[in-house]
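Undergrad: Input structure: coords02.tsv, which contains TSV, C-alpha atoms and all ligand atoms.
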```tsv
chain	number	residue	atom	x	y	z
A	179	MET	CA	2.44	-7.54	-14.77
A	180	LEU	CA	0.38	-8.91	-11.84
A	181	LYS	CA	-2.81	-10.85	-12.44
A	182	LEU	CA	-5.19	-11.91	-9.71
A	183	GLN	CA	-7.64	-14.56	-10.87
A	184	ASN	CA	-10.81	-15.47	-8.99
A	185	ILE	CA	-9.36	-15.09	-5.51
A	186	SER	CA	-11.63	-16.19	-2.67
A	187	LYS	CA	-11.02	-16.40	1.06
A	188	HIS	CA	-13.18	-17.41	4.03
A	189	TYR	CA	-12.52	-17.17	7.75
A	190	ASP	CA	-14.64	-19.83	9.48
A	191	ASN	CA	-18.00	-19.42	7.74
A	192	LYS	CA	-17.48	-15.81	6.81
A	193	VAL	CA	-16.70	-14.76	3.23
A	194	VAL	CA	-13.85	-12.25	3.38
A	195	LEU	CA	-12.99	-12.10	-0.33
A	196	GLU	CA	-15.08	-13.49	-3.17
A	197	ASP	CA	-13.99	-13.95	-6.75
A	198	ILE	CA	-11.49	-11.09	-6.96
A	199	SER	CA	-9.94	-10.77	-10.44
A	200	LEU	CA	-7.85	-7.90	-11.79
A	201	SER	CA	-4.72	-7.07	-13.77
A	202	ILE	CA	-2.11	-4.55	-12.70
A	203	GLN	CA	0.40	-3.22	-15.24
A	204	ALA	CA	4.12	-2.90	-14.50
A	205	GLY	CA	4.97	0.34	-12.72
A	206	GLU	CA	1.37	1.19	-11.80
A	207	ILE	CA	0.32	2.46	-8.39
A	208	VAL	CA	-2.89	0.73	-7.35
A	209	SER	CA	-4.82	1.50	-4.17
A	210	LEU	CA	-6.99	-1.05	-2.42
A	211	LEU	CA	-9.71	1.16	-0.97
A	212	GLY	CA	-12.66	0.22	1.20
A	213	PRO	CA	-14.25	0.58	4.62
A	214	SER	CA	-12.94	-1.14	7.72
A	215	GLY	CA	-13.32	-4.91	7.49
A	216	SER	CA	-13.89	-4.94	3.72
A	217	GLY	CA	-10.93	-7.30	3.10
A	218	LYS	CA	-8.14	-4.94	1.95
A	219	THR	CA	-5.41	-6.20	4.29
A	220	THR	CA	-6.40	-9.80	3.65
A	221	LEU	CA	-5.97	-9.26	-0.10
A	222	LEU	CA	-2.59	-7.55	0.45
A	223	ASN	CA	-1.46	-10.47	2.65
A	224	ILE	CA	-2.59	-12.99	0.04
A	225	ILE	CA	-0.55	-11.20	-2.66
A	226	LEU	CA	2.46	-11.08	-0.31
A	227	GLY	CA	2.09	-14.78	0.49
A	228	LEU	CA	1.46	-14.20	4.20
A	229	ALA	CA	-2.17	-15.39	4.06
A	230	LYS	CA	-3.51	-18.39	2.16
A	231	MET	CA	-6.41	-18.23	-0.28
A	232	GLU	CA	-8.91	-21.05	-0.71
A	233	GLN	CA	-9.33	-20.46	-4.36
A	234	GLY	CA	-7.70	-18.44	-7.14
A	235	LYS	CA	-4.38	-17.72	-8.76
A	236	ILE	CA	-1.65	-15.11	-8.53
A	237	ILE	CA	0.30	-14.71	-11.75
A	238	PHE	CA	3.32	-12.40	-11.87
A	239	ASN	CA	5.12	-11.85	-15.19
A	240	ASP	CA	3.51	-15.01	-16.57
A	241	GLN	CA	4.67	-17.11	-13.61
A	242	ASP	CA	2.09	-18.79	-11.37
A	243	LEU	CA	3.05	-17.83	-7.80
A	244	SER	CA	-0.09	-19.21	-6.14
A	245	ASN	CA	1.84	-21.94	-4.31
A	246	VAL	CA	5.18	-20.15	-4.09
A	247	PRO	CA	6.08	-19.30	-0.45
A	248	MET	CA	6.34	-15.68	0.64
A	249	LYS	CA	10.17	-15.54	0.76
A	250	LYS	CA	10.50	-16.78	-2.81
A	251	ARG	CA	7.99	-14.35	-4.34
A	252	GLY	CA	10.37	-11.39	-4.09
A	253	PHE	CA	7.60	-9.04	-2.95
A	254	ASN	CA	8.21	-6.69	-0.03
A	255	ILE	CA	5.87	-4.90	2.32
A	256	VAL	CA	6.03	-1.83	4.54
A	257	PHE	CA	3.73	-2.51	7.47
A	258	GLN	CA	1.48	0.14	8.95
A	259	ASP	CA	3.59	0.41	12.13
A	260	TYR	CA	6.83	0.24	10.04
A	261	ALA	CA	8.11	-2.71	12.17
A	262	LEU	CA	11.55	-1.07	12.58
A	263	PHE	CA	14.04	-2.33	15.18
A	264	PRO	CA	14.10	0.23	18.02
A	265	ASN	CA	17.54	-0.82	19.28
A	266	LEU	CA	19.21	-0.26	15.92
A	267	ASN	CA	19.91	3.08	14.27
A	268	ALA	CA	18.37	4.15	10.96
A	269	TYR	CA	21.26	2.85	8.80
A	270	GLU	CA	21.37	-0.51	10.62
A	271	ASN	CA	17.63	-0.84	10.02
A	272	ILE	CA	18.00	-0.03	6.33
A	273	VAL	CA	20.64	-2.71	5.69
A	274	TYR	CA	19.29	-5.33	8.13
A	275	GLY	CA	17.54	-7.45	5.51
A	276	LEU	CA	20.69	-7.60	3.35
A	277	LYS	CA	22.58	-9.69	5.95
A	278	ASN	CA	21.49	-12.91	4.30
A	279	LYS	CA	21.48	-11.49	0.76
A	280	LYS	CA	25.17	-10.90	0.14
A	281	GLY	CA	25.82	-9.16	-3.18
A	282	LEU	CA	22.17	-8.18	-3.81
A	283	THR	CA	22.77	-4.44	-3.28
A	284	SER	CA	26.15	-2.67	-3.25
A	285	GLU	CA	27.06	0.00	-0.69
A	286	HIS	CA	26.99	2.50	-3.57
A	287	GLU	CA	23.39	1.54	-4.37
A	288	ILE	CA	22.43	1.67	-0.69
A	289	GLN	CA	23.79	5.22	-0.55
A	290	GLU	CA	21.74	6.12	-3.64
A	291	TYR	CA	18.51	5.00	-1.94
A	292	ILE	CA	19.55	6.96	1.16
A	293	GLU	CA	20.16	10.09	-0.94
A	294	PHE	CA	16.90	9.60	-2.82
A	295	LEU	CA	14.94	9.48	0.44
A	296	GLU	CA	17.02	12.30	1.99
A	297	LEU	CA	17.99	10.20	4.98
A	298	LYS	CA	21.68	11.11	5.23
A	299	PRO	CA	21.35	13.41	8.26
A	300	HIS	CA	19.44	10.73	10.18
A	301	LEU	CA	21.49	7.58	9.65
A	302	THR	CA	23.04	7.35	13.11
A	303	LYS	CA	19.84	8.20	14.97
A	304	LYS	CA	17.95	5.54	16.92
A	305	ILE	CA	14.42	4.88	15.65
A	306	GLY	CA	12.85	6.49	18.72
A	307	ALA	CA	14.52	9.80	17.82
A	308	LEU	CA	12.92	9.97	14.36
A	309	SER	CA	9.66	11.70	13.37
A	310	GLY	CA	6.81	9.74	11.77
A	311	GLY	CA	7.76	10.86	8.27
A	312	GLN	CA	11.44	9.98	8.84
A	313	LYS	CA	10.46	6.51	10.14
A	314	GLN	CA	8.33	6.00	7.05
A	315	ARG	CA	11.29	6.94	4.81
A	316	VAL	CA	13.59	4.54	6.71
A	317	ALA	CA	10.98	1.80	6.28
A	318	LEU	CA	10.77	2.60	2.54
A	319	ALA	CA	14.58	2.59	2.19
A	320	ARG	CA	14.83	-0.73	4.05
A	321	THR	CA	12.34	-2.20	1.61
A	322	LEU	CA	13.88	-0.67	-1.54
A	323	VAL	CA	17.40	-1.98	-0.80
A	324	MET	CA	15.88	-5.48	-1.07
A	325	LYS	CA	15.05	-4.62	-4.71
A	326	PRO	CA	11.47	-5.88	-4.52
A	327	LYS	CA	9.64	-6.97	-7.65
A	328	LEU	CA	6.44	-5.59	-6.14
A	329	LEU	CA	6.07	-2.99	-3.37
A	330	LEU	CA	3.19	-3.40	-0.93
A	331	LEU	CA	2.28	-0.61	1.48
A	332	ASP	CA	-0.25	-1.04	4.30
A	333	GLU	CA	-1.83	2.32	5.21
A	334	PRO	CA	1.44	4.21	4.57
A	335	LEU	CA	-0.04	7.64	5.33
A	336	SER	CA	-2.41	6.96	8.19
A	337	ALA	CA	0.09	7.81	10.96
A	338	LEU	CA	1.23	11.03	9.26
A	339	ASP	CA	-0.26	14.48	9.15
A	340	GLY	CA	-0.64	17.40	6.74
A	341	ILE	CA	2.50	18.43	4.91
A	342	ILE	CA	4.45	15.28	5.88
A	343	LYS	CA	1.65	13.21	4.37
A	344	GLU	CA	1.91	15.15	1.10
A	345	SER	CA	5.68	14.73	1.02
A	346	ILE	CA	5.51	10.94	1.57
A	347	LYS	CA	2.79	10.75	-1.12
A	348	ALA	CA	5.15	12.48	-3.56
A	349	ARG	CA	7.94	10.06	-2.55
A	350	ILE	CA	5.80	7.01	-3.16
A	351	LYS	CA	4.90	8.34	-6.61
A	352	SER	CA	8.51	9.07	-7.49
A	353	ILE	CA	9.67	5.63	-6.24
A	354	ALA	CA	7.13	3.95	-8.54
A	355	ARG	CA	8.22	6.12	-11.49
A	356	GLU	CA	12.00	6.13	-10.85
A	357	TYR	CA	12.30	2.39	-10.21
A	358	LYS	CA	9.34	1.34	-12.40
A	359	LEU	CA	8.10	-0.47	-9.33
A	360	THR	CA	4.55	-1.77	-9.28
A	361	THR	CA	3.09	-0.55	-5.99
A	362	ILE	CA	-0.04	-1.69	-4.16
A	363	ILE	CA	-1.33	0.45	-1.32
A	364	VAL	CA	-4.02	-0.29	1.26
A	365	THR	CA	-6.00	2.75	2.37
A	366	HIS	CA	-9.43	3.54	3.77
A	367	ASP	CA	-9.20	7.21	2.72
A	368	PRO	CA	-10.76	8.12	-0.68
A	369	GLU	CA	-8.77	11.35	-0.93
A	370	GLU	CA	-5.47	9.46	-0.50
A	371	ALA	CA	-6.45	6.89	-3.10
A	372	LEU	CA	-7.62	9.50	-5.61
A	373	THR	CA	-4.51	11.65	-5.33
A	374	LEU	CA	-1.92	8.86	-5.17
A	375	SER	CA	-2.98	6.11	-7.54
A	376	ASP	CA	-3.06	5.29	-11.23
A	377	LYS	CA	-5.91	2.85	-10.50
A	378	ILE	CA	-8.16	2.18	-7.54
A	379	LEU	CA	-9.77	-1.10	-6.52
A	380	ILE	CA	-12.78	-0.33	-4.36
A	381	ILE	CA	-13.73	-3.28	-2.17
A	382	ASN	CA	-17.01	-3.64	-0.34
A	383	GLN	CA	-17.55	-6.67	1.90
A	384	GLY	CA	-15.04	-8.77	0.00
A	385	HIS	CA	-16.38	-7.91	-3.45
A	386	ILE	CA	-15.06	-5.56	-6.11
A	387	ALA	CA	-17.29	-2.49	-6.16
A	388	GLN	CA	-15.26	-0.85	-8.96
A	389	PHE	CA	-11.78	-1.00	-10.48
A	390	GLY	CA	-10.69	2.02	-12.49
A	391	THR	CA	-8.69	5.20	-12.75
A	392	PRO	CA	-9.43	8.01	-10.27
A	393	GLN	CA	-11.09	9.93	-13.11
A	394	GLU	CA	-13.37	7.00	-14.01
A	395	ILE	CA	-14.36	6.56	-10.40
A	396	ILE	CA	-15.18	10.23	-9.92
A	397	GLN	CA	-16.96	10.64	-13.27
A	398	GLN	CA	-18.61	7.24	-13.62
A	399	PRO	CA	-19.10	5.63	-10.21
A	400	SER	CA	-20.48	2.23	-11.09
A	401	ASN	CA	-22.94	1.84	-8.21
A	402	ASP	CA	-24.46	3.53	-5.14
A	403	PHE	CA	-21.82	2.14	-2.80
A	404	VAL	CA	-19.01	3.82	-4.78
A	405	LYS	CA	-20.98	7.07	-4.98
A	406	GLU	CA	-21.68	7.07	-1.27
A	407	PHE	CA	-18.22	5.90	-0.15
A	408	ILE	CA	-16.20	8.23	-2.37
A	409	LEU	CA	-18.30	11.24	-3.23
A	410	GLY	CA	-20.23	11.12	0.05
A	411	GLN	CA	-17.08	11.30	2.19
A	412	LEU	CA	-15.49	14.03	0.09
A	413	GLN	CA	-18.71	16.04	0.18
A	414	VAL	CA	-18.91	15.75	3.97
A	415	LYS	CA	-15.39	17.21	4.26
A	416	ARG	CA	-16.26	20.11	1.95
A	417	ASP	CA	-19.60	20.71	3.70
A	418	ASN	CA	-17.98	20.80	7.15
A	419	ILE	CA	-15.58	23.54	6.08
A	420	TYR	CA	-18.19	25.40	4.01
A	421	ASN	CA	-20.60	25.40	6.97
A	422	LEU	CA	-17.94	27.02	9.12
A	423	PHE	CA	-16.65	29.61	6.69
A	424	GLY	CA	-19.34	29.94	4.02
A	425	GLU	CA	-18.37	31.88	0.92
A	426	HIS	CA	-14.93	32.69	2.42
A	427	TYR	CA	-14.07	29.08	1.64
A	428	ALA	CA	-13.29	28.94	-2.06
B	501	LIG	N1	-7.10	-14.00	11.21
B	501	LIG	C1	-8.41	-13.78	11.08
B	501	LIG	N2	-9.32	-14.64	11.61
B	501	LIG	C2	-10.64	-14.42	11.45
B	501	LIG	N3	-11.18	-13.36	10.79
B	501	LIG	C3	-10.33	-12.49	10.27
B	501	LIG	C4	-8.90	-12.63	10.37
B	501	LIG	N4	-8.32	-11.59	9.72
B	501	LIG	C5	-9.31	-10.82	9.23
B	501	LIG	N5	-10.52	-11.35	9.55
B	501	LIG	C6	-11.83	-10.80	9.16
B	501	LIG	O1	-11.82	-10.62	7.77
B	501	LIG	C7	-12.50	-9.43	7.41
B	501	LIG	C8	-11.60	-8.56	6.56
B	501	LIG	O2	-10.51	-8.12	7.35
B	501	LIG	P1	-9.34	-7.20	6.77
B	501	LIG	O3	-8.37	-6.95	7.88
B	501	LIG	O4	-8.84	-7.79	5.52
B	501	LIG	O5	-10.15	-5.88	6.42
B	501	LIG	P2	-9.62	-4.41	6.11
B	501	LIG	O6	-10.45	-3.94	4.98
B	501	LIG	O7	-8.15	-4.45	5.94
B	501	LIG	O8	-10.01	-3.65	7.43
B	501	LIG	P3	-9.24	-2.46	8.25
B	501	LIG	O9	-9.31	-1.24	7.37
B	501	LIG	O10	-10.08	-2.32	9.48
B	501	LIG	O11	-7.85	-2.94	8.51
B	501	LIG	C9	-12.94	-8.77	8.72
B	501	LIG	O12	-14.29	-9.10	8.94
B	501	LIG	C10	-12.06	-9.41	9.76
B	501	LIG	O13	-12.73	-9.49	10.98
```
What would you get if you wrote out this structure as structure tokens?
Ligand SMILES: Nc1ncnc2c1ncn2[C@@H]1O[C@H](COP(=O)(O)OP(=O)(O)OP(=O)(O)O)[C@@H](O)[C@H]1O

TA:
Amino acid sequence: MLKLQNISKHYDNKVVLEDISLSIQAGEIVSLLGPSGSGKTTLLNIILGLAKMEQGKIIFNDQDLSNVPMKKRGFNIVFQDYALFPNLNAYENIVYGLKNKKGLTSEHEIQEYIEFLELKPHLTKKIGALSGGQKQRVALARTLVMKPKLLLLDEPLSALDGIIKESIKARIKSIAREYKLTTIIVTHDPEEALTLSDKILIINQGHIAQFGTPQEIIQQPSNDFVKEFILGQLQVKRDNIYNLFGEHYA
């Protein structure tokens, strides 16, 4: 279980996060959702250990990790641009992080992750020859072979379109379920957050606007910001299509 307690962060004189507290249960998928500049990536980086906080605590399975360096936290992230090595092929990318972790993951286990993500036909391809969805799956496999205690994903769907997006969404859900892996996802898209997560943390200008299940957020938005940000954006999408096609759009 991950507990964030009273996390605050400033850049120069600007408050970026103020007094963020929440608890995430083991195996849950939680989205950090908010507009551009609201502090989502900063919070993700603080959990990862990449950014420092001025105040607050990070407790994971009853252990205080607040001053534990990134490498010793055992959390892993998939960055928005995947950060894969273009000169290596897909398999070499997947196992790259294991070089200094002898014995962590057997070849048999590596093959299981590869099967799970249906990457077998692509292993010898260079990164440049892969589609966006295939790159995302290689990035996920590379992270899973490290057996992370917590999986962090920064905008995992933003570079993907349509059907590929839906298939990666399903993968992320099945990874969390299959490996009981607590997963935290940054997104600015309400639809993604609502369809992917067990819980959503809505951030507005560094403050928690609401933390709840998708159903709670839809049925009981706790303030005007949540209403506007979530329901407003979804309504605009519906209206745009309705205006074009009228009653033909069910
Ligand atoms: N290294 C930095 N130095 C100074 N200010 C920063 C730095 N990183 C982020 N900020 C500021 O902190 C605020 C929050 O940024 P952050 O990247 O966390 O937001 P975000 O919600 O992830 O936005 P986006 O969706 O655009 O990525 C912004 O106002 C940003 O300008």

Undergrad: Neighbours of ligand LIG 501 (chain B) at 9 Å or closer, counting all atoms listed in the file: which residues, as a PyMOL selection string?

TA: chain A and resi 187-190+192-195+210-223+229+332-333+364-366+381-384

Undergrad: Any idea what's packed within 8 Å of range 308-314 of chain A, counting all atoms listed in the file, ignoring anything in its chain fewer than 5 positions away? Could you give it as a PDB file with C-alpha atoms, keeping the file's coordinate frame?

TA:
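Writing the result to selection39.pdb gives the following:
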```pdb
ATOM      1  CA  TYR A 260       6.830   0.240  10.040  1.00  0.00           C
ATOM      2  CA  LEU A 297      17.990  10.200   4.980  1.00  0.00           C
ATOM      3  CA  HIS A 300      19.440  10.730  10.180  1.00  0.00           C
ATOM      4  CA  LYS A 303      19.840   8.200  14.970  1.00  0.00           C
ATOM      5  CA  PRO A 334       1.440   4.210   4.570  1.00  0.00           C
ATOM      6  CA  ALA A 337       0.090   7.810  10.960  1.00  0.00           C
ATOM      7  CA  LEU A 338       1.230  11.030   9.260  1.00  0.00           C
ATOM      8  CA  ILE A 342       4.450  15.280   5.880  1.00  0.00           C
ATOM      9  CA  LYS A 343       1.650  13.210   4.370  1.00  0.00           C
ATOM     10  CA  ILE A 346       5.510  10.940   1.570  1.00  0.00           C
TER      11      ILE A 346
END
```

Undergrad: Here is a test: counting only C-alpha atoms, which residue of A:Val256, A:Ile395, A:Ile362, A:Leu335 is nearest to Ser201 in chain A?

TA: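 When distances to Ser201 in chain A are compared using only C-alpha atoms, the smallest one comes from A:Ile362.
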
Undergrad: What's around range 235-248 of chain A at 8 Å? Count all atoms listed in the file, leave out sequence neighbours fewer than 6 positions away in its own chain, and write the answer as a list in words.

TA: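 In the requested format, the answer is Met179, Leu180, Lys181, Leu182, Gln183, Asn184, Ile185, Ile225, Leu226, Gly227 and Leu228 of chain A.
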
Undergrad: What is the distance between CA of Glu293 in chain A and CA of Tyr274 in chain A, in Å to one decimal?

TA: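 So the answer is 17.9 Å.
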
Undergrad: So how many Å separate CA of Gln397 in chain A and CA of Leu372 in chain A, to one decimal?

TA: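 CA of Leu372 in chain A lies 12.1 Å from CA of Gln397 in chain A.
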
Undergrad: So what do you get for CA of Arg251 in chain A versus CA of Ala319 in chain A, distance-wise?

TA: 19.3 Å

Undergrad: Excluding Leu276 in chain A and its own-chain neighbours fewer than 6 positions away, which residues fall within 9 Å of it when counting only C-alpha atoms? Please give them as number ranges by chain.

TA: A: 282-283, 323-324

Undergrad: Give me the residues near Leu359 in chain A as a list in words, where near means some atom within 9 Å (using only C-alpha atoms) and where sequence neighbours in that chain fewer than 2 positions away do not count.

TA: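 Everything that qualifies: Ala204, Gly205, Glu206, Ile207, Pro326, Lys327, Leu328, Leu329, Ile353, Ala354, Arg355, Glu356, Tyr357 and Thr361 of chain A.
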
Undergrad: Counting only C-alpha atoms, figure out which residue out of A:Gln413, A:Thr302, A:Ser336, A:Asn191 gets nearest to Asn267 in chain A.

TA: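 Closest candidate: A:Thr302.
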
Undergrad: Please determine, counting only C-alpha atoms, which residue among A:His385, A:Pro368, A:Gln393, A:Lys279 has the shortest atom-to-atom distance to Gly410 in chain A.

TA: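 Of A:His385, A:Pro368, A:Gln393, A:Lys279, the one nearest Gly410 in chain A, counting only C-alpha atoms, is A:Pro368.
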
Undergrad: Restricting the calculation to all atoms listed in the file, which member of A:Lys280, A:Gly390, A:Glu270, A:Ile202 is positioned closest to Leu301 in chain A?

TA: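 Checking each of A:Lys280, A:Gly390, A:Glu270, A:Ile202 against Leu301 in chain A, counting all atoms listed in the file, the winner is A:Glu270.
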